[in-house]
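**Student:** I have a structure here, written as structure tokens, and I will follow up with some questions on it.
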Amino acid sequence: MSDEQDQTQQHGHDEYERQPVPKNALLGFRDFVGMYAGEHCAGTELMIGPLFVAAGVGAFDLIAGLLAGNALAVLSWMFLCAPIATRARLTLYYQLEKICGRNLVTLYNLANGVMFCFLAGSMITVSATAVGVWFKFPMPGLNDLYPNSFGWVLAVLAVGGLIAVVAAFGYKAVARFANIAAPWMVLVFLAFGFIGLKQFIDATGADIKSAGDLWQLANRHIWKGGEPLPGQVKFTFWHVMFFAWFCNMAMHIGMSDLSVFRFARKSRYAIASGAGMYVGHFMAWVCASVLYAYQLYLEPANTDVLPGPMAYKAAGISGLLCVIVAGWTTANPTIYRAGLAFQAITPKTPRFTVTLLTGAVATIMGMFPAIAMKLLGFVALYGMLLMPMGAVIFVDFRLIKKFGLQSNYAELSGRLFNWAAGLAWICTVVICLIMVKYAGIQLFFVSLPGWFVAAMLYIMLSFFYQKRCVRQK
Amino acid sequence: MLPARVISWISLIVLIGAPVLLLAGRIELERVKLLMMISTVSWFITATMWFAAKKS
């Protein structure tokens, strides 16, 4: 299978990589609903839900925080990303290249590829926990940083190796399988919630006659609030809201989904992202968290977040299959995308080799449970690292001409590295990290002020940079 | 492909119907696990058939 064919499978419409999408290639609303609902019901949801419980979240904080945060995420897609996507109809990379220059896009690709590797690693970790149910080797605990048994290393190697090889060969079959699995997977997630709830009702002897009784059970036994488990950050309403809003920050505020919504007939189609948010980032997180809360209720000392055993206890073989399928079908495209990002840096290396190496790196990362067990922090970091480039695109598209400056400056000036954009990116990340380290602002909150910092820096630096370039000419 | 499509949708109804019945106290957990496994196998076989037909 050729690289070109593979890319078309992955992106569907890669023939428009360097030109606006024509009218006859635009897609309808339902295409986006299906895509978002499937893509955001991933293996990592089985980690995130339990980690909320480990963070000592309360019932109101969780439900209200998720409702609000997911709504803000949908609004970010609707009002920041999609309007630019449907006006320019360009991929993120081409849009960035026009603004930032080819060399800066290469740097962005590198950062993106590395983050994708971490993400794929955590998905491999999730799938590998299912293997432990059959082979009974010691699996990592909540606060483990390193692999803790030979069996665990072998399981991750086997799962990660398989995923990497499939991704390297081109993953047409997996993409088809993922489409078939998506509705089944969503319902198995929902089943986890129903089964977990019933187990709680039986174990506590609660008499549920009304929604009020159910809420009381949720408050008293499922999401009790209080102190987090040792080594975890305490989550309040604000943590949950900002986490739900920013966990896909790279996609909406960071503008990655320009590449997706350039195919939308109207920018309001971005409301379809709500299908992904409220199925994957509400229902799936809530249901997965119920399973972990039940585990803690039965054995308070057993704090291990292991999706495989949890799902098996709740739903038997179907639950176990769901863990494997959820991890596999999402790790595969993630490794593939990381491979494409790295290949853009070394275009002469065959895609097969690059994807295989990327898969190997993701597999090694998957052996270290620290990434999956600290997934809440990692996801916040991922968004924060790529967010400044979203601010650069927004300012360049919407505001920069109002300041008497040129948009798409790299394309206009023929420069390969727009230092104004590059410095805005790097300085924002450094300022955000300083705020986390010295100002006591937690990682989950720092990206909001960070976006404004990036926007202001880009305008100020462009002012000096563009004037200087004109003087040099 | 209509029969395959009908069976696949019935499989999904059983897949979620079994946990709902468990919640209502009408069925035991072990029975739920069995029904979920059967409906999983049934979904993947029948859905693959009509997805493939749709594709072709």
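Every chain in the structure tokens takes a letter, A first, then B, and so on in the order presented; its residues are numbered from 1, and the ligands are numbered from 1 following the presented order.
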Select from region 354-448 of chain A everything DSSP, run on the backbone, classes as alpha helix (DSSP H), then give the selection as a ChimeraX atom specification.

**Tutor:** /A:354-367,369-373,375-398,409-413,419-438,443-448

**Student:** For region 34-50 of chain B, please output as a compact mmCIF listing (two decimals) with C-alpha atoms, in the first residue's frame all residues within 12 Å (counting only C-alpha atoms; exclusion window: fewer than 5 positions along the same chain).

**Tutor:**
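selection.txt was written with the following content:
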```
# COMPACT_ATOMS: atom_id res chain seq x y z
CA ALA A 173 -8.63 -2.40 8.33
CA ARG A 176 -12.97 0.14 9.38
CA PHE A 177 -13.03 -1.97 12.53
CA ALA A 178 -13.07 1.23 14.63
CA ASN A 179 -16.16 2.41 12.74
CA ILE A 180 -17.93 -0.87 13.42
CA ALA A 181 -16.82 -0.92 17.07
CA ALA A 182 -17.81 2.68 17.87
CA PRO A 183 -21.57 2.22 18.63
CA TRP A 184 -20.86 -1.01 20.52
CA MET A 185 -18.10 0.65 22.56
CA LEU A 187 -22.97 1.22 24.83
CA VAL A 188 -20.44 -0.90 26.77
CA ALA A 191 -23.30 -0.50 30.60
CA PHE A 192 -20.30 0.02 32.94
CA ILE A 195 -23.68 -2.15 36.36
CA TYR A 312 -13.76 -7.49 33.56
CA ALA A 314 -18.21 -5.37 35.76
CA ALA A 315 -19.00 -6.77 32.33
CA GLY A 316 -16.90 -9.92 31.89
CA ILE A 317 -15.36 -10.68 28.50
CA SER A 318 -17.28 -7.84 26.78
CA GLY A 319 -15.80 -5.35 29.24
CA LEU A 320 -12.31 -6.69 28.68
CA LEU A 321 -12.76 -6.52 24.91
CA CYS A 322 -13.95 -2.93 25.26
CA MET B 1 -28.39 -7.31 4.07
CA LEU B 2 -31.58 -6.30 5.88
CA PRO B 3 -31.63 -9.39 8.16
CA ALA B 4 -28.01 -8.75 9.21
CA ARG B 5 -28.83 -5.12 9.88
CA VAL B 6 -31.87 -6.04 11.98
CA ILE B 7 -29.91 -8.62 13.98
CA SER B 8 -27.10 -6.14 14.59
CA TRP B 9 -29.49 -3.50 15.97
CA ILE B 10 -31.20 -6.14 18.14
CA SER B 11 -27.73 -7.07 19.45
CA LEU B 12 -27.14 -3.49 20.53
CA ILE B 13 -30.55 -3.35 22.21
CA VAL B 14 -29.70 -6.54 24.15
CA LEU B 15 -26.23 -5.18 24.96
CA ILE B 16 -27.66 -2.19 26.79
CA GLY B 17 -30.98 -3.80 27.74
CA ALA B 18 -29.28 -6.42 29.94
CA PRO B 19 -27.58 -3.87 32.26
CA VAL B 20 -30.84 -1.89 32.41
CA LEU B 21 -32.67 -5.05 33.54
CA LEU B 22 -29.90 -5.61 36.11
CA ILE B 27 -31.70 -10.24 36.17
CA GLU B 28 -28.42 -11.43 37.77
CA LEU B 29 -24.99 -10.02 36.92
CA LYS B 55 -18.90 -0.09 1.41
CA SER B 56 -19.04 -2.17 -1.76
```

**Student:** Which distance in Å separates CA of His239 (chain A) and CA of Leu298 (chain A), to one decimal?

**Tutor:**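 It comes out at 26.9 Å.
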
**Student:** Env of region 393-404 of chain A: 12 Å cut, atoms = only C-alpha atoms, seq-sep filter 5 positions within chain, self excluded. Answer as a PDB file with N, CA and C atoms, in the first residue's frame.

**Tutor:**
```pdb
ATOM      1  N   SER A  76     -15.773  26.734  22.113  1.00  0.00           N
ATOM      2  CA  SER A  76     -14.441  27.069  21.572  1.00  0.00           C
ATOM      3  C   SER A  76     -14.306  26.564  20.144  1.00  0.00           C
ATOM      4  N   PHE A  79     -16.757  28.949  18.001  1.00  0.00           N
ATOM      5  CA  PHE A  79     -16.494  30.385  17.809  1.00  0.00           C
ATOM      6  C   PHE A  79     -15.020  30.737  17.579  1.00  0.00           C
ATOM      7  N   LEU A  80     -14.112  29.811  17.889  1.00  0.00           N
ATOM      8  CA  LEU A  80     -12.698  30.109  17.632  1.00  0.00           C
ATOM      9  C   LEU A  80     -12.178  29.356  16.412  1.00  0.00           C
ATOM     10  N   CYS A  81     -12.413  28.053  16.407  1.00  0.00           N
ATOM     11  CA  CYS A  81     -11.785  27.217  15.377  1.00  0.00           C
ATOM     12  C   CYS A  81     -12.583  27.174  14.064  1.00  0.00           C
ATOM     13  N   ALA A  82     -13.864  26.804  14.173  1.00  0.00           N
ATOM     14  CA  ALA A  82     -14.649  26.551  12.950  1.00  0.00           C
ATOM     15  C   ALA A  82     -14.818  27.787  12.052  1.00  0.00           C
ATOM     16  N   PRO A  83     -15.052  28.990  12.603  1.00  0.00           N
ATOM     17  CA  PRO A  83     -15.199  30.138  11.699  1.00  0.00           C
ATOM     18  C   PRO A  83     -13.958  30.387  10.836  1.00  0.00           C
ATOM     19  N   ILE A  84     -12.769  30.198  11.428  1.00  0.00           N
ATOM     20  CA  ILE A  84     -11.535  30.360  10.639  1.00  0.00           C
ATOM     21  C   ILE A  84     -11.423  29.221   9.618  1.00  0.00           C
ATOM     22  N   ALA A  85     -11.758  27.999  10.092  1.00  0.00           N
ATOM     23  CA  ALA A  85     -11.648  26.833   9.205  1.00  0.00           C
ATOM     24  C   ALA A  85     -12.543  26.976   7.987  1.00  0.00           C
ATOM     25  N   ARG A  87     -13.705  29.690   6.657  1.00  0.00           N
ATOM     26  CA  ARG A  87     -13.373  30.831   5.785  1.00  0.00           C
ATOM     27  C   ARG A  87     -12.097  30.559   4.985  1.00  0.00           C
ATOM     28  N   ALA A  88     -11.079  29.995   5.664  1.00  0.00           N
ATOM     29  CA  ALA A  88      -9.813  29.747   4.965  1.00  0.00           C
ATOM     30  C   ALA A  88      -9.830  28.407   4.230  1.00  0.00           C
ATOM     31  N   LEU A  90      -8.255  25.689   4.936  1.00  0.00           N
ATOM     32  CA  LEU A  90      -6.905  25.143   4.797  1.00  0.00           C
ATOM     33  C   LEU A  90      -6.598  24.219   5.968  1.00  0.00           C
ATOM     34  N   THR A  91      -5.613  23.338   5.786  1.00  0.00           N
ATOM     35  CA  THR A  91      -5.188  22.501   6.911  1.00  0.00           C
ATOM     36  C   THR A  91      -4.465  23.375   7.932  1.00  0.00           C
ATOM     37  N   LEU A  92      -4.390  22.863   9.152  1.00  0.00           N
ATOM     38  CA  LEU A  92      -3.639  23.593  10.186  1.00  0.00           C
ATOM     39  C   LEU A  92      -2.216  23.856   9.712  1.00  0.00           C
ATOM     40  N   TYR A  93      -1.603  22.816   9.128  1.00  0.00           N
ATOM     41  CA  TYR A  93      -0.185  22.921   8.788  1.00  0.00           C
ATOM     42  C   TYR A  93       0.061  23.954   7.691  1.00  0.00           C
ATOM     43  N   TYR A  94      -0.844  23.999   6.710  1.00  0.00           N
ATOM     44  CA  TYR A  94      -0.657  24.958   5.625  1.00  0.00           C
ATOM     45  C   TYR A  94      -0.925  26.375   6.131  1.00  0.00           C
ATOM     46  N   GLN A  95      -1.955  26.501   6.992  1.00  0.00           N
ATOM     47  CA  GLN A  95      -2.264  27.812   7.583  1.00  0.00           C
ATOM     48  C   GLN A  95      -1.072  28.303   8.403  1.00  0.00           C
ATOM     49  N   LEU A  96      -0.506  27.378   9.190  1.00  0.00           N
ATOM     50  CA  LEU A  96       0.657  27.731  10.018  1.00  0.00           C
ATOM     51  C   LEU A  96       1.865  28.090   9.144  1.00  0.00           C
ATOM     52  N   GLU A  97       2.025  27.332   8.065  1.00  0.00           N
ATOM     53  CA  GLU A  97       3.177  27.587   7.182  1.00  0.00           C
ATOM     54  C   GLU A  97       3.105  28.994   6.595  1.00  0.00           C
ATOM     55  N   LYS A  98       1.896  29.427   6.247  1.00  0.00           N
ATOM     56  CA  LYS A  98       1.731  30.770   5.686  1.00  0.00           C
ATOM     57  C   LYS A  98       2.097  31.840   6.721  1.00  0.00           C
ATOM     58  N   ILE A  99       1.752  31.559   7.972  1.00  0.00           N
ATOM     59  CA  ILE A  99       1.993  32.551   9.022  1.00  0.00           C
ATOM     60  C   ILE A  99       3.426  32.451   9.561  1.00  0.00           C
ATOM     61  N   CYS A 100       3.848  31.221   9.821  1.00  0.00           N
ATOM     62  CA  CYS A 100       5.071  31.001  10.611  1.00  0.00           C
ATOM     63  C   CYS A 100       6.291  30.599   9.783  1.00  0.00           C
ATOM     64  N   HIS A 252      -9.246  22.585  19.714  1.00  0.00           N
ATOM     65  CA  HIS A 252     -10.122  23.749  19.448  1.00  0.00           C
ATOM     66  C   HIS A 252      -9.366  25.072  19.550  1.00  0.00           C
ATOM     67  N   ILE A 253      -8.908  25.427  20.738  1.00  0.00           N
ATOM     68  CA  ILE A 253      -8.203  26.709  20.876  1.00  0.00           C
ATOM     69  C   ILE A 253      -6.851  26.634  20.157  1.00  0.00           C
ATOM     70  N   GLY A 254      -6.239  25.450  20.196  1.00  0.00           N
ATOM     71  CA  GLY A 254      -4.957  25.248  19.507  1.00  0.00           C
ATOM     72  C   GLY A 254      -5.096  25.093  17.998  1.00  0.00           C
ATOM     73  N   MET A 255      -6.346  25.002  17.512  1.00  0.00           N
ATOM     74  CA  MET A 255      -6.673  25.055  16.071  1.00  0.00           C
ATOM     75  C   MET A 255      -6.299  23.811  15.261  1.00  0.00           C
ATOM     76  N   SER A 256      -5.947  22.691  15.914  1.00  0.00           N
ATOM     77  CA  SER A 256      -5.671  21.467  15.155  1.00  0.00           C
ATOM     78  C   SER A 256      -6.842  21.085  14.265  1.00  0.00           C
ATOM     79  N   LEU A 258      -8.740  22.809  12.533  1.00  0.00           N
ATOM     80  CA  LEU A 258      -8.913  23.548  11.278  1.00  0.00           C
ATOM     81  C   LEU A 258      -8.950  22.536  10.135  1.00  0.00           C
ATOM     82  N   LEU A 386       0.682  23.397  23.044  1.00  0.00           N
ATOM     83  CA  LEU A 386       0.310  23.687  21.657  1.00  0.00           C
ATOM     84  C   LEU A 386      -0.638  24.882  21.527  1.00  0.00           C
ATOM     85  N   MET A 387      -1.217  25.313  22.661  1.00  0.00           N
ATOM     86  CA  MET A 387      -2.176  26.421  22.662  1.00  0.00           C
ATOM     87  C   MET A 387      -1.643  27.726  22.047  1.00  0.00           C
ATOM     88  N   PRO A 388      -0.374  28.116  22.310  1.00  0.00           N
ATOM     89  CA  PRO A 388       0.081  29.415  21.798  1.00  0.00           C
ATOM     90  C   PRO A 388      -0.032  29.534  20.279  1.00  0.00           C
ATOM     91  N   TYR A 409       2.547  36.448   7.266  1.00  0.00           N
ATOM     92  CA  TYR A 409       3.782  37.195   7.012  1.00  0.00           C
ATOM     93  C   TYR A 409       4.896  36.327   6.407  1.00  0.00           C
ATOM     94  N   ALA A 410       4.965  35.077   6.840  1.00  0.00           N
ATOM     95  CA  ALA A 410       6.029  34.216   6.309  1.00  0.00           C
ATOM     96  C   ALA A 410       5.850  34.021   4.807  1.00  0.00           C
ATOM     97  N   ALA A 420       8.534  36.260  15.222  1.00  0.00           N
ATOM     98  CA  ALA A 420       7.482  36.803  16.096  1.00  0.00           C
ATOM     99  C   ALA A 420       6.595  35.670  16.603  1.00  0.00           C
ATOM    100  N   ALA A 421       6.196  34.770  15.685  1.00  0.00           N
ATOM    101  CA  ALA A 421       5.355  33.633  16.089  1.00  0.00           C
ATOM    102  C   ALA A 421       6.148  32.652  16.954  1.00  0.00           C
ATOM    103  N   ALA A 424       6.710  34.117  20.367  1.00  0.00           N
ATOM    104  CA  ALA A 424       5.429  34.163  21.101  1.00  0.00           C
ATOM    105  C   ALA A 424       5.117  32.782  21.664  1.00  0.00           C
ATOM    106  N   TRP A 425       5.376  31.754  20.884  1.00  0.00           N
ATOM    107  CA  TRP A 425       5.115  30.369  21.319  1.00  0.00           C
ATOM    108  C   TRP A 425       6.022  30.001  22.498  1.00  0.00           C
ATOM    109  N   TRP A 451      -3.198  31.984  26.883  1.00  0.00           N
ATOM    110  CA  TRP A 451      -3.702  32.313  25.543  1.00  0.00           C
ATOM    111  C   TRP A 451      -3.603  33.822  25.296  1.00  0.00           C
ATOM    112  N   PHE A 452      -3.969  34.609  26.319  1.00  0.00           N
ATOM    113  CA  PHE A 452      -3.915  36.072  26.167  1.00  0.00           C
ATOM    114  C   PHE A 452      -2.459  36.546  26.085  1.00  0.00           C
ATOM    115  N   VAL A 453      -1.599  35.891  26.870  1.00  0.00           N
ATOM    116  CA  VAL A 453      -0.165  36.233  26.815  1.00  0.00           C
ATOM    117  C   VAL A 453       0.363  35.989  25.397  1.00  0.00           C
ATOM    118  N   ALA A 454       0.010  34.817  24.833  1.00  0.00           N
ATOM    119  CA  ALA A 454       0.493  34.472  23.487  1.00  0.00           C
ATOM    120  C   ALA A 454      -0.031  35.471  22.459  1.00  0.00           C
ATOM    121  N   ALA A 455      -1.317  35.833  22.587  1.00  0.00           N
ATOM    122  CA  ALA A 455      -1.914  36.769  21.617  1.00  0.00           C
ATOM    123  C   ALA A 455      -1.213  38.126  21.690  1.00  0.00           C
ATOM    124  N   MET A 456      -1.005  38.614  22.906  1.00  0.00           N
ATOM    125  CA  MET A 456      -0.364  39.940  23.059  1.00  0.00           C
ATOM    126  C   MET A 456       1.082  39.910  22.590  1.00  0.00           C
ATOM    127  N   LEU A 457       1.781  38.842  22.979  1.00  0.00           N
ATOM    128  CA  LEU A 457       3.192  38.735  22.563  1.00  0.00           C
ATOM    129  C   LEU A 457       3.309  38.707  21.054  1.00  0.00           C
ATOM    130  N   TYR A 458       2.412  37.964  20.395  1.00  0.00           N
ATOM    131  CA  TYR A 458       2.504  37.851  18.930  1.00  0.00           C
ATOM    132  C   TYR A 458       2.282  39.213  18.265  1.00  0.00           C
ATOM    133  N   ILE A 459       1.324  39.978  18.788  1.00  0.00           N
ATOM    134  CA  ILE A 459       1.078  41.310  18.205  1.00  0.00           C
ATOM    135  C   ILE A 459       2.298  42.211  18.426  1.00  0.00           C
ATOM    136  N   MET A 460       2.800  42.238  19.669  1.00  0.00           N
ATOM    137  CA  MET A 460       3.933  43.130  19.981  1.00  0.00           C
ATOM    138  C   MET A 460       5.178  42.731  19.195  1.00  0.00           C
ATOM    139  N   LEU A 461       5.467  41.411  19.188  1.00  0.00           N
ATOM    140  CA  LEU A 461       6.679  40.954  18.496  1.00  0.00           C
ATOM    141  C   LEU A 461       6.550  41.144  16.983  1.00  0.00           C
ATOM    142  N   SER A 462       5.338  40.970  16.450  1.00  0.00           N
ATOM    143  CA  SER A 462       5.129  41.178  15.008  1.00  0.00           C
ATOM    144  C   SER A 462       5.390  42.635  14.650  1.00  0.00           C
ATOM    145  N   PHE A 463       4.978  43.531  15.538  1.00  0.00           N
ATOM    146  CA  PHE A 463       5.182  44.950  15.296  1.00  0.00           C
ATOM    147  C   PHE A 463       6.670  45.236  15.066  1.00  0.00           C
ATOM    148  N   GLN A 466       8.118  42.815  11.919  1.00  0.00           N
ATOM    149  CA  GLN A 466       7.741  43.207  10.552  1.00  0.00           C
ATOM    150  C   GLN A 466       8.377  44.538  10.170  1.00  0.00           C
ATOM    151  N   LYS A 467       8.481  45.482  11.140  1.00  0.00           N
ATOM    152  CA  LYS A 467       9.139  46.776  10.849  1.00  0.00           C
ATOM    153  C   LYS A 467      10.612  46.542  10.532  1.00  0.00           C
TER     154      LYS A 467
END
```

**Student:** At a cut-off of 9 Å, using only C-alpha atoms, what residues contact Val165 (chain A)? Leave out same-chain residues fewer than 3 positions from it and give the result as a PDB file with N, CA and C atoms, in the first residue's frame.

**Tutor:**
```pdb
ATOM      1  N   GLY A 160       1.886  -3.054  22.361  1.00  0.00           N
ATOM      2  CA  GLY A 160       2.448  -1.900  21.636  1.00  0.00           C
ATOM      3  C   GLY A 160       3.072  -2.323  20.316  1.00  0.00           C
ATOM      4  N   GLY A 161       3.776  -3.471  20.326  1.00  0.00           N
ATOM      5  CA  GLY A 161       4.412  -3.964  19.105  1.00  0.00           C
ATOM      6  C   GLY A 161       3.372  -4.236  18.033  1.00  0.00           C
ATOM      7  N   LEU A 162       2.296  -4.883  18.444  1.00  0.00           N
ATOM      8  CA  LEU A 162       1.213  -5.207  17.503  1.00  0.00           C
ATOM      9  C   LEU A 162       0.602  -3.928  16.913  1.00  0.00           C
ATOM     10  N   ALA A 168       2.100   0.798  11.022  1.00  0.00           N
ATOM     11  CA  ALA A 168       3.129   0.967   9.996  1.00  0.00           C
ATOM     12  C   ALA A 168       2.680   0.417   8.641  1.00  0.00           C
ATOM     13  N   PHE A 169       1.905  -0.659   8.668  1.00  0.00           N
ATOM     14  CA  PHE A 169       1.426  -1.235   7.417  1.00  0.00           C
ATOM     15  C   PHE A 169       0.276  -0.423   6.815  1.00  0.00           C
ATOM     16  N   GLY A 170      -0.161   0.592   7.524  1.00  0.00           N
ATOM     17  CA  GLY A 170      -1.327   1.348   7.053  1.00  0.00           C
ATOM     18  C   GLY A 170      -2.510   0.714   7.742  1.00  0.00           C
ATOM     19  N   PHE A 352       6.890   3.847   6.509  1.00  0.00           N
ATOM     20  CA  PHE A 352       6.840   2.582   7.251  1.00  0.00           C
ATOM     21  C   PHE A 352       7.844   2.607   8.399  1.00  0.00           C
ATOM     22  N   THR A 355       6.919   5.277  11.116  1.00  0.00           N
ATOM     23  CA  THR A 355       5.779   4.878  11.958  1.00  0.00           C
ATOM     24  C   THR A 355       6.174   3.741  12.904  1.00  0.00           C
ATOM     25  N   LEU A 356       6.981   2.812  12.383  1.00  0.00           N
ATOM     26  CA  LEU A 356       7.418   1.703  13.228  1.00  0.00           C
ATOM     27  C   LEU A 356       8.263   2.216  14.399  1.00  0.00           C
ATOM     28  N   GLY A 359       6.056   3.962  16.823  1.00  0.00           N
ATOM     29  CA  GLY A 359       5.336   2.957  17.622  1.00  0.00           C
ATOM     30  C   GLY A 359       6.233   2.379  18.704  1.00  0.00           C
TER      31      GLY A 359
END
```

**Student:** Could you check how far CA of Leu214 (chain A) sits from CA of Gly38 (chain A), in Å to one decimal?

**Tutor:** 29.1 Å

**Student:** What gap, in Å, lies between CA of Pro230 (chain A) and CA of Ile371 (chain A)?

**Tutor:** 16.9 Å

**Student:** In terms of the shortest atom-to-atom distance over only C-alpha atoms, which of A:Cys247, A:Ala42, A:Thr334, A:Ala218 is closest to Leu72 (chain A)?

**Tutor:**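 Residue with the minimum atom-to-atom distance to Leu72 (chain A): A:Cys247.
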
**Student:** If we count only C-alpha atoms and set the cut-off at 10 Å, which residues sit around Phe246 (chain A), ignoring sequence neighbours fewer than 6 positions away in its own chain? Please answer as a compact mmCIF listing (two decimals) with N, CA and C atoms, in the first residue's frame.

**Tutor:**
```txt
# COMPACT_ATOMS: atom_id res chain seq x y z
N GLY A 69 -17.67 22.59 31.52
CA GLY A 69 -16.40 22.50 30.79
C GLY A 69 -16.60 21.99 29.36
N ASN A 70 -17.46 20.98 29.21
CA ASN A 70 -17.71 20.45 27.86
C ASN A 70 -18.44 21.48 27.01
N LEU A 72 -18.09 24.70 27.27
CA LEU A 72 -17.07 25.68 26.87
C LEU A 72 -16.19 25.14 25.73
N ALA A 73 -15.92 23.82 25.79
CA ALA A 73 -15.12 23.22 24.72
C ALA A 73 -15.87 23.30 23.39
N SER A 76 -15.77 26.73 22.11
CA SER A 76 -14.44 27.07 21.57
C SER A 76 -14.31 26.56 20.14
N VAL A 240 -12.38 20.44 37.45
CA VAL A 240 -13.11 19.58 36.51
C VAL A 240 -13.50 20.40 35.28
N HIS A 252 -9.25 22.59 19.71
CA HIS A 252 -10.12 23.75 19.45
C HIS A 252 -9.37 25.07 19.55
N ILE A 253 -8.91 25.43 20.74
CA ILE A 253 -8.20 26.71 20.88
C ILE A 253 -6.85 26.63 20.16
N GLY A 254 -6.24 25.45 20.20
CA GLY A 254 -4.96 25.25 19.51
C GLY A 254 -5.10 25.09 18.00
N VAL A 379 -2.42 15.64 30.07
CA VAL A 379 -3.36 16.20 29.08
C VAL A 379 -3.37 17.73 29.19
N ALA A 380 -3.32 18.24 30.43
CA ALA A 380 -3.29 19.70 30.62
C ALA A 380 -2.01 20.29 30.02
N LEU A 381 -0.89 19.58 30.21
CA LEU A 381 0.39 20.03 29.66
C LEU A 381 0.37 20.02 28.13
N TYR A 382 -0.22 18.99 27.56
CA TYR A 382 -0.33 18.84 26.10
C TYR A 382 -1.05 20.06 25.50
N GLY A 383 -2.18 20.41 26.11
CA GLY A 383 -2.94 21.57 25.64
C GLY A 383 -2.14 22.86 25.78
N MET A 384 -1.46 22.98 26.91
CA MET A 384 -0.73 24.22 27.18
C MET A 384 0.43 24.40 26.18
N MET A 387 -1.22 25.31 22.66
CA MET A 387 -2.18 26.42 22.66
C MET A 387 -1.64 27.73 22.05
N PHE A 444 -3.70 23.12 35.40
CA PHE A 444 -5.03 23.04 34.77
C PHE A 444 -5.59 24.43 34.43
N PHE A 445 -5.10 25.47 35.10
CA PHE A 445 -5.68 26.81 34.93
C PHE A 445 -4.80 27.75 34.10
N SER A 447 -3.47 27.74 31.17
CA SER A 447 -3.59 27.94 29.72
C SER A 447 -4.51 29.10 29.36
N LEU A 448 -5.45 29.44 30.25
CA LEU A 448 -6.36 30.55 29.92
C LEU A 448 -5.61 31.89 29.89
```

**Student:** Ranking A:Val354, A:Val325, A:Ala203, A:Ala120 by minimum distance to Tyr297 (chain A) and counting only C-alpha atoms, which one comes first?

**Tutor:**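 Looking only at the distances to Tyr297 (chain A), the closest residue turns out to be A:Ala203.
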
**Student:** Nearest to chain B among A:Ala37, A:Ala71, A:Ala311, A:Leu110, with distances taken over only C-alpha atoms: which residue is it?

**Tutor:**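 Ranking A:Ala37, A:Ala71, A:Ala311, A:Leu110 by distance to chain B, first place goes to A:Ala311.
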
**Student:** Do a neighbour search on region 144-153 of chain A at 12 Å with only C-alpha atoms, toss out local chain neighbours closer than 4 positions, and write the hits as a PyMOL selection string.

**Tutor:** chain A and resi 124-140+157-161+230-231+303-305+363-374

**Student:** Between A:Leu217, A:Gly450, A:Ala284, A:Arg268, which is the closest to Ile434 (chain A) once you count only C-alpha atoms?

**Tutor:**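 Of A:Leu217, A:Gly450, A:Ala284, A:Arg268, the one nearest Ile434 (chain A), counting only C-alpha atoms, is A:Gly450.
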